Structure formats: C-alpha cells, structure tokens
$ cat upload.txt   # compact mmCIF, C-alpha atoms
# COMPACT_ATOMS: atom_id res chain seq x y z
CA MET A 268 74.27 -45.26 67.21
CA SER A 269 75.00 -47.23 64.03
CA LEU A 270 74.08 -45.97 60.56
CA SER A 271 71.34 -48.63 60.41
CA ASP A 272 69.85 -47.44 63.70
CA ALA A 273 69.97 -43.85 62.47
CA PHE A 274 68.04 -44.81 59.32
CA VAL A 275 65.42 -46.65 61.36
CA SER A 276 65.05 -43.68 63.71
CA LEU A 277 64.68 -41.27 60.78
CA ILE A 278 62.01 -43.44 59.19
CA ILE A 279 60.09 -43.72 62.48
CA VAL A 280 60.22 -39.94 62.96
CA LEU A 281 58.95 -39.32 59.41
CA LEU A 282 56.15 -41.85 59.86
CA LEU A 283 55.07 -40.32 63.17
CA LEU A 284 55.22 -36.84 61.66
CA GLN A 285 52.97 -37.88 58.81
CA ALA A 286 50.56 -39.61 61.21
CA ALA A 287 50.43 -36.53 63.46
CA VAL A 288 49.79 -34.15 60.55
CA ARG A 289 46.94 -36.31 59.22
CA LEU A 290 45.33 -37.11 62.58
CA PRO A 291 42.84 -34.16 62.61
CA THR A 292 41.47 -35.11 59.18
CA ALA A 293 41.35 -38.79 60.14
CA LEU A 294 39.34 -37.96 63.27
CA ARG A 295 36.79 -36.11 61.13
CA GLY A 296 36.01 -39.43 59.49
CA GLN A 297 37.18 -38.93 55.90
CA ARG A 298 37.84 -42.43 54.57
CA ARG A 299 40.84 -41.63 52.40
CA GLU A 300 42.71 -39.69 55.04
CA ARG A 301 41.71 -42.25 57.66
CA SER A 302 43.21 -45.01 55.51
CA LEU A 303 46.42 -43.09 54.93
CA TRP A 304 46.74 -42.22 58.61
CA GLY A 305 46.22 -45.90 59.49
CA ALA A 306 49.02 -46.89 57.11
CA PHE A 307 51.47 -44.41 58.62
CA ALA A 308 50.54 -45.42 62.19
CA ALA A 309 50.84 -49.16 61.46
CA PHE A 310 54.18 -48.72 59.71
CA ALA A 311 55.49 -46.54 62.54
CA VAL A 312 54.79 -49.25 65.14
CA ALA A 313 56.17 -51.95 62.82
CA TRP A 314 59.44 -50.05 62.41
CA TRP A 315 59.56 -49.36 66.14
CA LEU A 316 59.48 -53.14 66.71
CA ARG A 317 62.73 -53.34 64.73
CA THR A 318 64.48 -51.27 67.38
CA TYR A 319 66.01 -52.48 70.62
CA THR A 320 63.44 -50.47 72.59
CA GLY A 321 60.53 -52.04 70.74
CA ARG A 322 61.85 -55.56 71.21
CA ALA A 323 62.57 -54.86 74.87
CA VAL A 324 58.90 -54.02 75.42
CA ILE A 325 57.64 -57.23 73.77
CA ASP A 326 60.33 -59.74 74.81
CA PRO A 327 59.25 -59.92 78.48
CA LEU A 328 56.07 -61.66 77.27
CA GLY A 329 58.30 -64.71 76.90
CA ILE A 330 57.43 -65.63 73.28
CA THR A 331 60.53 -65.94 71.13
CA ASP A 332 60.45 -63.84 67.94
CA LEU A 333 57.08 -62.31 68.87
CA PRO A 334 58.31 -58.79 67.88
CA THR A 335 59.01 -60.17 64.38
CA LEU A 336 55.52 -61.64 64.08
CA LEU A 337 53.88 -58.42 65.28
CA LYS A 338 56.08 -56.40 62.91
CA HIS A 339 54.97 -58.49 59.94
CA VAL A 340 51.28 -58.38 60.94
CA LEU A 341 51.40 -54.59 61.28
CA ALA A 342 53.20 -54.29 57.95
CA ILE A 343 50.43 -56.28 56.25
CA ALA A 344 47.80 -54.08 57.91
CA GLY A 345 49.64 -50.93 56.79
CA ILE A 346 49.98 -52.20 53.21
CA CYS A 347 46.31 -53.16 53.09
CA VAL A 348 45.03 -49.74 54.17
CA LEU A 349 47.61 -48.01 51.94
CA LEU A 350 46.28 -49.97 48.98
CA THR A 351 42.77 -48.95 50.02
CA TYR A 352 43.85 -45.30 49.92
CA VAL A 353 45.49 -45.67 46.49
CA THR A 354 42.42 -47.43 45.08
CA ASP A 355 40.00 -44.82 46.44
CA ILE A 356 41.95 -41.78 45.33
CA TYR A 357 42.43 -42.90 41.72
CA ARG A 358 39.00 -44.47 41.27
CA ASP A 359 37.49 -40.97 40.97
CA GLU A 360 39.55 -40.26 37.85
CA ASP A 361 37.83 -42.83 35.66
CA ALA A 362 36.25 -45.83 37.32
CA GLY A 363 36.01 -47.59 33.95
CA ALA A 364 39.68 -47.27 33.01
CA ARG A 365 41.63 -50.51 32.76
CA HIS A 366 44.31 -49.51 35.28
CA ILE A 367 41.60 -48.58 37.80
CA LYS A 368 39.83 -51.91 37.26
CA ILE A 369 43.10 -53.77 37.79
CA THR A 370 43.88 -51.81 40.95
CA SER A 371 40.36 -52.34 42.29
CA SER A 372 40.60 -56.07 41.61
CA VAL A 373 43.97 -56.33 43.34
CA HIS A 374 42.58 -54.32 46.25
CA ARG A 375 39.59 -56.62 46.67
CA VAL A 376 41.87 -59.66 46.61
CA ALA A 377 44.37 -58.01 48.98
CA VAL A 378 41.71 -57.11 51.53
CA ARG A 379 40.44 -60.68 51.59
CA ALA A 380 43.96 -62.09 51.50
CA SER A 381 45.27 -59.91 54.31
CA LEU A 382 43.29 -61.68 57.02
CA ALA A 383 44.06 -65.08 55.53
CA THR A 384 47.76 -64.18 55.29
CA VAL A 385 47.86 -63.02 58.91
CA LEU A 386 46.13 -66.19 60.10
CA CYS A 387 48.57 -68.34 58.11
CA LEU A 388 51.56 -66.42 59.47
CA VAL A 389 50.35 -66.87 63.03
CA ALA A 390 49.70 -70.59 62.48
CA VAL A 391 53.10 -71.21 60.88
CA PHE A 392 54.84 -69.10 63.52
CA PHE A 393 53.45 -71.08 66.44
CA LEU A 394 53.20 -74.52 64.83
CA ALA A 395 55.92 -74.88 62.19
CA LEU A 396 58.91 -72.81 63.31
CA ASP A 397 61.53 -74.04 65.74
CA ARG A 398 61.26 -71.25 68.27
CA SER A 399 63.80 -72.83 70.60
CA LYS A 400 66.42 -70.99 68.55
CA THR A 401 67.39 -67.58 69.92
CA ALA A 402 69.54 -64.60 68.99
CA ALA A 403 72.52 -66.62 70.21
CA ASP A 404 72.11 -68.83 67.14
CA SER A 405 71.79 -65.88 64.75
CA PRO A 406 70.91 -62.19 65.16
CA TYR A 407 68.53 -62.45 62.19
CA PHE A 408 65.10 -64.08 62.10
CA MET A 409 65.82 -65.69 58.73
CA GLY A 410 69.23 -66.86 59.85
CA ARG A 411 67.78 -68.59 62.93
CA HIS A 412 65.26 -70.57 60.90
CA VAL A 413 67.12 -71.03 57.61
CA GLY A 414 66.43 -74.40 56.03
CA GLU A 415 63.12 -74.89 57.83
CA PRO A 416 60.12 -75.48 55.49
CA GLY A 417 58.00 -73.35 57.81
CA LEU A 418 60.23 -70.35 57.14
CA ALA A 419 59.73 -70.73 53.39
CA VAL A 420 55.95 -70.74 53.87
CA TYR A 421 56.01 -67.87 56.39
CA LEU A 422 58.23 -65.44 54.48
CA GLY A 423 56.95 -66.63 51.10
CA LEU A 424 53.44 -65.52 52.03
CA PHE A 425 54.64 -62.26 53.54
CA ASN A 426 56.94 -61.30 50.67
CA THR A 427 54.32 -62.18 48.05
CA TYR A 428 51.78 -59.94 49.75
CA VAL A 429 54.28 -57.09 50.07
CA ALA A 430 55.55 -57.36 46.49
CA SER A 431 52.12 -57.49 44.81
CA SER A 432 50.67 -54.59 46.82
CA ALA A 433 53.78 -52.43 46.47
CA ALA A 434 53.82 -53.09 42.71
CA VAL A 435 50.25 -51.77 42.36
CA CYS A 436 51.13 -48.64 44.36
CA ALA A 437 54.30 -48.10 42.29
CA TYR A 438 52.31 -48.41 39.06
CA GLN A 439 49.60 -45.96 40.10
CA TRP A 440 52.00 -43.36 41.50
CA GLY A 441 54.29 -43.71 38.50
CA ARG A 442 51.37 -43.15 36.15
CA ALA A 443 50.21 -40.14 38.20
CA ALA A 444 53.74 -38.71 38.13
CA ARG A 445 53.81 -38.82 34.31
CA ILE A 446 50.67 -36.72 34.00
CA ALA A 447 51.21 -34.37 36.97
CA ARG A 448 51.52 -30.74 35.92
CA ARG A 449 53.35 -29.26 38.91
CA TRP A 450 57.00 -30.28 39.07
CA SER A 451 56.89 -30.56 42.87
CA LEU A 452 53.97 -32.97 42.74
CA ARG A 453 55.55 -34.87 39.85
CA THR A 454 58.80 -35.22 41.82
CA GLY A 455 56.99 -36.39 44.96
CA LEU A 456 54.93 -38.96 43.09
CA ALA A 457 58.02 -40.21 41.24
CA MET A 458 59.84 -40.66 44.55
CA MET A 459 56.87 -42.55 45.99
CA ALA A 460 56.70 -44.82 42.92
CA THR A 461 60.45 -45.42 43.04
CA GLY A 462 60.27 -46.22 46.73
CA MET A 463 57.57 -48.82 46.13
CA ALA A 464 59.60 -50.30 43.25
CA VAL A 465 62.60 -50.64 45.58
CA ILE A 466 60.38 -52.39 48.14
CA VAL A 467 59.26 -54.81 45.42
CA ALA A 468 62.95 -55.49 44.72
CA TYR A 469 63.48 -56.05 48.46
CA ALA A 470 60.70 -58.66 48.56
CA VAL A 471 61.95 -60.38 45.40
CA VAL A 472 65.56 -60.60 46.63
CA ARG A 473 64.41 -61.99 49.98
CA THR A 474 62.20 -64.56 48.25
CA VAL A 475 64.95 -65.69 45.87
CA TYR A 476 67.45 -66.02 48.71
CA LEU A 477 64.89 -67.86 50.84
CA ALA A 478 64.20 -70.39 48.05
CA ALA A 479 67.91 -70.93 47.45
CA THR A 480 68.82 -71.44 51.11
CA THR A 481 65.87 -73.76 51.69
CA LEU A 482 67.32 -76.11 49.06
CA HIS A 483 71.01 -75.46 49.75
CA PRO A 484 71.87 -73.79 53.11
CA ALA A 485 74.31 -70.91 52.68
CA PRO A 486 77.22 -69.95 54.98
CA ALA A 487 76.50 -67.48 57.78
CA ALA A 488 78.59 -64.82 56.00
CA VAL A 489 76.31 -65.01 52.95
CA GLY A 490 73.27 -64.70 55.19
CA SER A 491 74.73 -61.60 56.86
CA ALA A 492 75.51 -60.05 53.48
CA GLN A 493 71.96 -60.76 52.32
CA GLU A 494 70.53 -59.08 55.43
CA ARG A 495 72.66 -55.99 54.84
CA VAL A 496 71.63 -55.75 51.19
CA THR A 497 67.92 -56.28 51.78
CA ASP A 498 67.90 -53.98 54.81
CA THR A 499 69.47 -51.28 52.65
CA LEU A 500 66.80 -51.81 50.01
CA LEU A 501 64.09 -51.58 52.66
CA TYR A 502 65.55 -48.40 54.18
CA VAL A 503 65.98 -46.70 50.80
CA GLY A 504 62.52 -47.76 49.61
CA PHE A 505 60.73 -46.50 52.70
CA ALA A 506 62.78 -43.30 52.84
CA LEU A 507 61.94 -42.50 49.20
CA TRP A 508 58.25 -43.21 49.74
CA LEU A 509 58.12 -41.08 52.89
CA LEU A 510 60.06 -38.16 51.45
CA GLY A 511 57.90 -38.28 48.34
CA SER A 512 54.71 -38.36 50.39
CA LEU A 513 55.83 -35.21 52.20
CA THR A 514 55.39 -33.22 48.98
CA PRO A 515 51.58 -33.50 48.70
CA ALA A 516 51.33 -33.30 52.50
CA THR A 517 53.37 -30.08 52.49
CA ARG A 518 51.26 -28.65 49.67
CA ALA A 519 48.11 -29.50 51.61
CA LEU A 520 49.48 -27.83 54.76
CA VAL A 521 50.46 -24.72 52.81
CA ALA A 522 46.98 -24.57 51.22
CA GLN A 523 45.35 -24.94 54.65
CA ALA A 524 47.58 -22.24 56.13
CA ARG A 525 46.68 -19.84 53.30
CA ALA A 526 42.98 -20.61 53.72
CA ILE A 527 43.14 -19.99 57.47
CA LYS A 528 45.00 -16.72 56.90
CA ALA A 529 42.32 -15.64 54.40
CA VAL A 530 39.50 -16.62 56.77
CA ILE A 531 41.09 -14.56 59.54
CA GLY A 532 41.47 -11.61 57.15
CA LEU A 533 37.80 -11.79 56.11
CA HIS A 534 36.40 -12.56 59.56
CA ARG A 535 35.48 -9.07 60.74
CA LEU A 536 33.85 -8.11 57.45
CA TRP A 537 31.99 -11.44 57.30
CA ARG A 538 30.85 -11.19 60.92
CA ASP A 539 29.51 -7.63 60.59
CA LEU A 540 27.70 -8.46 57.35
CA VAL A 541 25.99 -11.67 58.47
CA LEU A 542 24.92 -10.06 61.74
CA THR A 543 23.27 -7.31 59.68
CA ILE A 544 20.94 -9.68 57.79
CA ASP A 545 19.36 -12.41 59.91
CA GLY A 546 19.63 -15.94 58.56
CA SER A 547 22.30 -15.10 56.00
CA ALA A 548 24.95 -17.39 57.55
CA LEU A 549 24.89 -21.17 57.56
CA HIS A 550 26.57 -21.02 60.97
CA ALA A 551 25.91 -17.87 63.00
CA PRO A 552 28.96 -16.08 64.41
CA SER A 553 30.03 -16.99 67.94
CA MET A 554 28.34 -14.73 70.49
CA LEU A 555 29.88 -15.66 73.83
CA LEU A 556 28.88 -13.05 76.44
CA GLY A 557 26.65 -11.48 73.83
CA GLY A 558 29.62 -10.74 71.57
CA HIS A 559 31.20 -8.41 74.15
CA ARG A 560 34.52 -6.91 73.17
CA ILE A 561 36.28 -8.56 76.10
CA VAL A 562 35.81 -12.00 74.50
CA SER A 563 36.12 -10.88 70.88
CA LEU A 564 39.33 -12.84 70.40
CA LEU A 565 37.74 -16.03 71.72
CA ASN A 566 34.70 -15.51 69.49
CA THR A 567 36.99 -15.02 66.50
CA VAL A 568 38.93 -18.22 67.27
CA ARG A 569 35.69 -20.19 67.54
CA ASP A 570 34.44 -18.84 64.21
CA VAL A 571 37.73 -19.51 62.44
CA LEU A 572 38.23 -23.04 63.74
CA SER A 573 34.76 -24.53 64.09
CA HIS A 574 31.90 -25.94 61.99
CA ASP A 575 33.51 -26.71 58.62
CA THR A 576 35.53 -29.80 57.76
CA THR A 577 38.46 -27.89 56.25
CA PRO A 578 39.68 -24.26 56.19
CA GLN A 579 39.14 -24.25 52.41
CA ILE A 580 35.44 -25.06 52.84
CA ARG A 581 35.14 -22.39 55.53
CA LEU A 582 36.76 -19.83 53.24
CA GLY A 583 34.33 -20.72 50.45
CA ARG A 584 31.42 -20.28 52.84
CA TYR A 585 32.68 -16.87 54.00
CA VAL A 586 33.01 -15.62 50.42
CA THR A 587 29.55 -16.91 49.48
CA GLU A 588 27.88 -15.38 52.53
CA ILE A 589 29.64 -12.04 52.06
CA ARG A 590 28.35 -11.87 48.51
CA ASP A 591 24.84 -12.99 49.54
CA VAL A 592 24.58 -10.20 52.12
CA THR A 593 26.07 -7.70 49.66
CA HIS A 594 23.33 -8.55 47.17
CA GLU A 595 20.68 -8.10 49.85
CA LEU A 596 22.14 -4.72 50.83
CA ARG A 597 21.95 -3.63 47.19
CA ARG A 598 18.17 -3.89 47.52
CA ARG A 599 18.14 -1.42 50.40
CA ALA A 600 20.91 1.08 49.66
CA PRO A 601 20.36 4.44 47.86
CA ALA A 602 21.13 4.38 44.14
CA ASP A 603 23.92 6.97 44.46
CA LEU A 604 25.60 5.38 47.50
CA PHE A 605 28.44 3.80 45.53
CA GLU A 606 29.19 7.06 43.73
CA ARG A 607 29.45 8.80 47.11
CA ALA A 608 31.75 6.05 48.35
CA ARG A 609 33.93 6.45 45.27
CA ARG A 610 34.14 10.24 45.71
CA LEU A 611 35.14 9.78 49.35
CA ALA A 612 37.87 7.29 48.43
CA GLU A 613 39.24 9.68 45.78
CA ALA A 614 39.03 12.62 48.21
CA GLU A 615 41.33 10.63 50.51
CA SER A 616 43.86 10.35 47.66
CA HIS A 617 43.20 6.68 46.83
CA ILE A 618 43.67 5.83 43.17
CA GLY A 619 43.20 2.86 40.83
CA LEU A 620 42.36 -0.52 42.32
CA ASP A 621 43.07 0.84 45.77
CA ALA A 622 40.29 3.40 45.31
CA ASP A 623 37.92 0.68 44.07
CA ALA A 624 38.58 -1.48 47.16
CA VAL A 625 38.21 1.43 49.55
CA ALA A 626 35.00 2.55 47.82
CA GLU A 627 33.55 -0.95 48.14
CA ALA A 628 34.47 -1.07 51.81
CA TYR A 629 32.88 2.34 52.42
CA TRP A 630 29.75 1.28 50.53
CA LEU A 631 29.42 -1.85 52.67
CA LYS A 632 29.89 0.09 55.90
CA ALA A 633 27.29 2.68 54.91
CA ALA A 634 24.86 0.13 53.45
CA MET A 635 24.85 -1.91 56.66
CA ALA A 636 23.52 1.13 58.50
CA LEU A 637 20.60 1.17 56.03
CA ALA A 638 19.82 -2.55 56.26
CA GLY A 639 16.42 -1.83 57.80
CA ALA A 640 15.20 0.11 54.76
CA PRO A 641 12.42 -1.39 52.62
CA GLY A 642 13.59 -3.74 49.88
CA ARG A 643 13.42 -2.84 46.19
CA ALA A 644 15.22 -3.63 42.96
CA PRO A 645 19.01 -3.96 43.46
CA VAL A 646 20.98 -0.76 42.85
CA ALA A 647 24.06 -0.60 40.63
CA TYR A 648 27.16 -1.92 42.30
CA SER A 649 30.74 -2.30 41.10
CA THR A 650 33.13 -4.99 42.32
CA ALA A 651 36.11 -6.97 41.06
CA GLY A 652 36.68 -10.72 41.01
CA ASP A 653 34.63 -12.96 38.74
CA ASP A 654 35.83 -16.32 40.09
CA PHE A 655 36.90 -17.74 43.44
CA ALA A 656 40.62 -17.48 42.71
CA SER A 657 40.43 -13.72 42.03
CA GLU A 658 37.57 -12.98 44.44
CA VAL A 659 39.42 -14.06 47.59
CA PRO A 660 42.37 -11.63 47.22
CA TRP A 661 39.97 -8.88 46.21
CA LEU A 662 37.73 -9.38 49.24
CA LEU A 663 40.82 -9.48 51.46
CA ARG A 664 41.76 -6.08 50.05
CA VAL A 665 38.24 -4.80 50.70
CA ALA A 666 38.24 -6.29 54.22
CA ARG A 667 41.52 -4.54 55.00
CA ALA A 668 40.06 -1.19 53.88
CA TYR A 669 36.91 -1.95 55.88
CA ARG A 670 38.92 -2.46 59.09
CA GLN A 671 40.76 0.81 58.52
CA ALA A 672 37.64 2.84 57.72
CA SER A 673 36.47 5.53 60.12
CA PRO A 674 33.39 4.74 62.24
CA HIS A 675 31.91 7.96 60.79
CA THR A 676 32.28 6.87 57.18
CA GLY A 677 28.51 6.82 56.64
CA ALA A 678 28.08 10.36 57.92
CA ILE A 679 30.96 11.60 55.80
CA MET A 680 29.38 10.03 52.72
CA ASP A 681 26.05 11.67 53.54
CA ALA A 682 27.85 15.02 53.54
CA LEU A 683 29.00 14.28 49.99
CA THR A 684 25.41 14.05 48.73
CA PRO A 685 24.99 16.67 45.99
CA ALA A 686 22.67 19.48 46.97
CA PRO A 687 19.43 19.47 44.96
CA VAL A 688 19.34 21.95 42.09
CA PRO A 689 16.52 24.52 42.67
CA HIS A 690 13.89 24.80 39.97
CA LEU A 691 13.88 28.25 38.32
CA ALA A 692 10.53 29.94 38.06
CA LYS A 693 9.40 30.44 34.51
$ encode --input "upload.txt" --output "structure tokens"
Amino acid sequence: MSLSDAFVSLIIVLLLLQAAVRLPTALRGQRRERSLWGAFAAFAVAWWLRTYTGRAVIDPLGITDLPTLLKHVLAIAGICVLLTYVTDIYRDEDAGARHIKITSSVHRVAVRASLATVLCLVAVFFLALDRSKTAADSPYFMGRHVGEPGLAVYLGLFNTYVASSAAVCAYQWGRAARIARRWSLRTGLAMMATGMAVIVAYAVVRTVYLAATTLHPAPAAVGSAQERVTDTLLYVGFALWLLGSLTPATRALVAQARAIKAVIGLHRLWRDLVLTIDGSALHAPSMLLGGHRIVSLLNTVRDVLSHDTTPQIRLGRYVTEIRDVTHELRRRAPADLFERARRLAEAESHIGLDADAVAEAYWLKAAMALAGAPGRAPVAYSTAGDDFASEVPWLLRVARAYRQASPHTGAIMDALTPAPVPHLAK
C-alpha cells in the first residue's frame, strides 16, 4: 500500500468513526447532529470512491469517469450540510452579529447553489467532456481532459463551491478558537479552521492550474506534480479537520459516559424514592414481571437507557425527582428523624461529610417507611449541594451510603429515640 493509499484509508476510517459515533443522536432527529452526521457520511463515501475498491464497484456500470462525478456530487452534498451545521450552531450566539449574518447569507446562497451546481456538473459531464478518453491516456481526471473548455467549467464550478464554503467554515471555527476557554477545545477548533484553510488553498491551486493549462497546455510531468501537490493539500486539510473534530466529539463522549455512570449510581435511590410517592416521576420505573428481583438488571438497563434524549437530560431528571420526593417526605417524617439519623451515623464512627451523607441516606430510608403518614409542614432537613454541579456528586455519595445501609436502619433509628422525661409531682 502506497503512502497516498494509507492516507486515504486513514481518512475514511476517521470519517466512518465520526459517523458511527454520531448516528444515535442523528436518529433521534436533532437537526445539528443530523447535519453533521450527513456530512461525515457523504465525505466517507466520496473518499471511498477515490479508492480502487470504490471505482471497481462503479466502473462496471460502463460510464467512464462516473466515480469522479459521484465523488464530486457527494462532496458538494457534504459541504452543504456541513455549512448548515456551522450556521446553526453559531447562530445561537448572537443572531444579529455581523459574522453570523454573513454566514447565514452564504449558507442560504450555498443551499440554493448546491442543486444548481450539481445539475451543471452533471450536464457538463455528459454533454461537454470527451469521455472517450480513459485511464490509458492519463491516470488523472484533470489530465485526461486538460485543455477542454468543459473541464474549466466543471472544475471551476466545483472548486468555487468548495473554496467559498470552506472559507466560511474556517472563519467561524477560527473565531471560535480565539474565544474558547478550554485549551483542548481551542486546539481542536484551531485544527478544524486550519484544515478548512488548507482545503481553500487546495481549491485555489487547482483553479489556478486549470486556468493556466486551459490557455497553455502543460507537459504531463507538470500535471503529475500538480496532482501530487494538490492531493497532499487535500489529505492534510481533511486530516486536520477530522482530528480537530475529534476533540469536541471526545469531550461529548466523555460527558455522556460520566452522565451514564452517575445515572447508574443514582438509579436504586431514585427508583425507591419515586415508587414511594405516586406520580413523582415523569417516566415511571420499569416494572417488568412486577419488578421481580430476577429481572432487576433488565429493569435497570431499561430505566438507564430509555425515555430521555441524552444521558445528561436523564441525570437532570433523576436529580430533580429525587429532590421532589425528598421534599414530600419532609412533610411526613417526624421532626427529630434527621437528628436520629445523625446520631446513628456517628455511632457507626462516621465523621465529617461522610457522616452527613450517611445520615441523609438513613433519613431517606426511614422516611420512605413513613410515606403514608398525614402531610404537614415540612420538617427541618440538612443536605449539601446548592447547584447541579455540586449536587450530583453529593447525591452519588448519599446513594452509595443508601445501598450499603442495613434493611433495619429504620428500626435502629427508632431505638435511638430519647425516652420521654417523666414529670415530677409538685
């Protein structure tokens, strides 16, 4: 395998990896992710058509250079949806900003121009190019048709579309990189912007060479050198863009993995709480076979993976519903229940924040047993975490103590109730 083939294979693998990672979100119908997935998928097929395998699949159709036409059409489709993604994601920042207005205008023109460009390419391909020439004349599409006016129109349209769209993407990602706070995101965005700038250079070099050879045909050696240079620009540009795009994708995957881990950690506490108070959960816990222990794992998997669009949204719902049920239990629990829970935690040698988490877990376990008591004003209750970022790790700590608590915690706490002081007769 040549170095060029290795680069193409690497780019195809990265494109397919990105498409695979984003497929679940695209299937859920989110426009931005659907656009980005479409760009990766279109580019993956376009690059595949550059390979011997891709051409071997299309060539039996008997239309000379058809893989090249399909490659260019797919590239235009990928660029169009990529520009849609870039326009959508930055429009939310400030729809009235000048750079957003410019991007939106270019996007509107590009969407309309994409279909017109494709139709023109198809018309020129079938009507204006001498397709009697084959790879025996030249291994390169441009080399086979050099000097033909149709080639100037065909590649002129294609390169103009590529250069203008890539320039907009480079500008937006470069601007985002300058204001990004995290160095990893800043590096990824800078790589994406640089990659698009290199692709602009690729399109410009191809256009300049095309104009020059249309007027004055160049020797075959010059054409081969041009192909090597522009191919290198294309490989480097796409590789930079793809490697840069892996940074936000990796961050998103890490965030999802952390959210799923947190949801799993909170699941038992959440399930027991929302089953205690009817109607407290937006989506009731899974109850296959009546919630029997034999299918508990399956019920857990269904709760953790279903209903919500993302793990982050599911985690937010779990935290909200845990706190809603906790507030309701405060209306039914004895006023001294938390003090008893705290004494029990300290009696078991827990100290500091550990004692606070264990006491909260014991209070929840005991309060759930009293959920049927009449409601009244909420009793005093102590907990940590005053925002989502601090509340999640705190509730995970409480949930861990809750899982480790004895089934007889409530009875033990009852035994800690101070005996009433007898009244002395006067």
$ atom_distance --input "upload.txt" --atom1 "CA of Val385 in chain A" --atom2 "CA of Val340 in chain A"
6.1 Å
$ residues_around --input "upload.txt" --residues "Ala636 in chain A" --least-positions-apart "4" --cutoff "10 Å" --atoms "only C-alpha atoms" --output "PyMOL selection string"
chain A and resi 543+596+600+631-632+640+677
$ closest_residue --input "upload.txt" --among "A:Gly583, A:Gly511, A:Pro674, A:Gly329" --to "Thr401 in chain A" --atoms "all atoms listed in the file"
A:Gly329
$ atom_distance --input "upload.txt" --atom1 "CA of Leu388 in chain A" --atom2 "CA of Val429 in chain A"
13.5 Å
$ atom_distance --input "upload.txt" --atom1 "CA of Ala457 in chain A" --atom2 "CA of Trp315 in chain A"
26.6 Å
$ residues_near_point --input "upload.txt" --point "(59.3, -38.7, 41.1)" --cutoff "10 Å" --atoms "only C-alpha atoms" --output "tab-separated table (two decimals) with C-alpha atoms, in the frame of the given file"
chain	number	residue	atom	x	y	z
A	440	TRP	CA	52.00	-43.36	41.50
A	441	GLY	CA	54.29	-43.71	38.50
A	443	ALA	CA	50.21	-40.14	38.20
A	444	ALA	CA	53.74	-38.71	38.13
A	445	ARG	CA	53.81	-38.82	34.31
A	450	TRP	CA	57.00	-30.28	39.07
A	451	SER	CA	56.89	-30.56	42.87
A	452	LEU	CA	53.97	-32.97	42.74
A	453	ARG	CA	55.55	-34.87	39.85
A	454	THR	CA	58.80	-35.22	41.82
A	455	GLY	CA	56.99	-36.39	44.96
A	456	LEU	CA	54.93	-38.96	43.09
A	457	ALA	CA	58.02	-40.21	41.24
A	458	MET	CA	59.84	-40.66	44.55
A	459	MET	CA	56.87	-42.55	45.99
A	460	ALA	CA	56.70	-44.82	42.92
A	461	THR	CA	60.45	-45.42	43.04
A	462	GLY	CA	60.27	-46.22	46.73
A	507	LEU	CA	61.94	-42.50	49.20
A	508	TRP	CA	58.25	-43.21	49.74
A	511	GLY	CA	57.90	-38.28	48.34
$ residues_around --input "upload.txt" --residues "range 374-384 of chain A" --least-positions-apart "3" --cutoff "9 Å" --atoms "all atoms listed in the file" --output "ChimeraX atom specification"
/A:340,343-344,347-348,350-351,354,369-371,387-389,424-425,428,431-432,435
$ write_last_selection --input "upload.txt" --atoms "C-alpha atoms" --output "PDB file, keeping the file's coordinate frame"
ATOM      1  CA  VAL A 340      51.280 -58.380  60.940  1.00  0.00           C
ATOM      2  CA  ILE A 343      50.430 -56.280  56.250  1.00  0.00           C
ATOM      3  CA  ALA A 344      47.800 -54.080  57.910  1.00  0.00           C
ATOM      4  CA  CYS A 347      46.310 -53.160  53.090  1.00  0.00           C
ATOM      5  CA  VAL A 348      45.030 -49.740  54.170  1.00  0.00           C
ATOM      6  CA  LEU A 350      46.280 -49.970  48.980  1.00  0.00           C
ATOM      7  CA  THR A 351      42.770 -48.950  50.020  1.00  0.00           C
ATOM      8  CA  THR A 354      42.420 -47.430  45.080  1.00  0.00           C
ATOM      9  CA  ILE A 369      43.100 -53.770  37.790  1.00  0.00           C
ATOM     10  CA  THR A 370      43.880 -51.810  40.950  1.00  0.00           C
ATOM     11  CA  SER A 371      40.360 -52.340  42.290  1.00  0.00           C
ATOM     12  CA  CYS A 387      48.570 -68.340  58.110  1.00  0.00           C
ATOM     13  CA  LEU A 388      51.560 -66.420  59.470  1.00  0.00           C
ATOM     14  CA  VAL A 389      50.350 -66.870  63.030  1.00  0.00           C
ATOM     15  CA  LEU A 424      53.440 -65.520  52.030  1.00  0.00           C
ATOM     16  CA  PHE A 425      54.640 -62.260  53.540  1.00  0.00           C
ATOM     17  CA  TYR A 428      51.780 -59.940  49.750  1.00  0.00           C
ATOM     18  CA  SER A 431      52.120 -57.490  44.810  1.00  0.00           C
ATOM     19  CA  SER A 432      50.670 -54.590  46.820  1.00  0.00           C
ATOM     20  CA  VAL A 435      50.250 -51.770  42.360  1.00  0.00           C
TER      21      VAL A 435
END
$ closest_residue --input "upload.txt" --among "A:Glu588, A:Ala516, A:Glu415, A:Pro486" --to "Ala551 in chain A" --atoms "only C-alpha atoms"
A:Glu588
$ closest_residue --input "upload.txt" --among "A:Val659, A:Ala644, A:Leu536, A:Val489" --to "Gln671 in chain A" --atoms "all atoms listed in the file"
A:Leu536
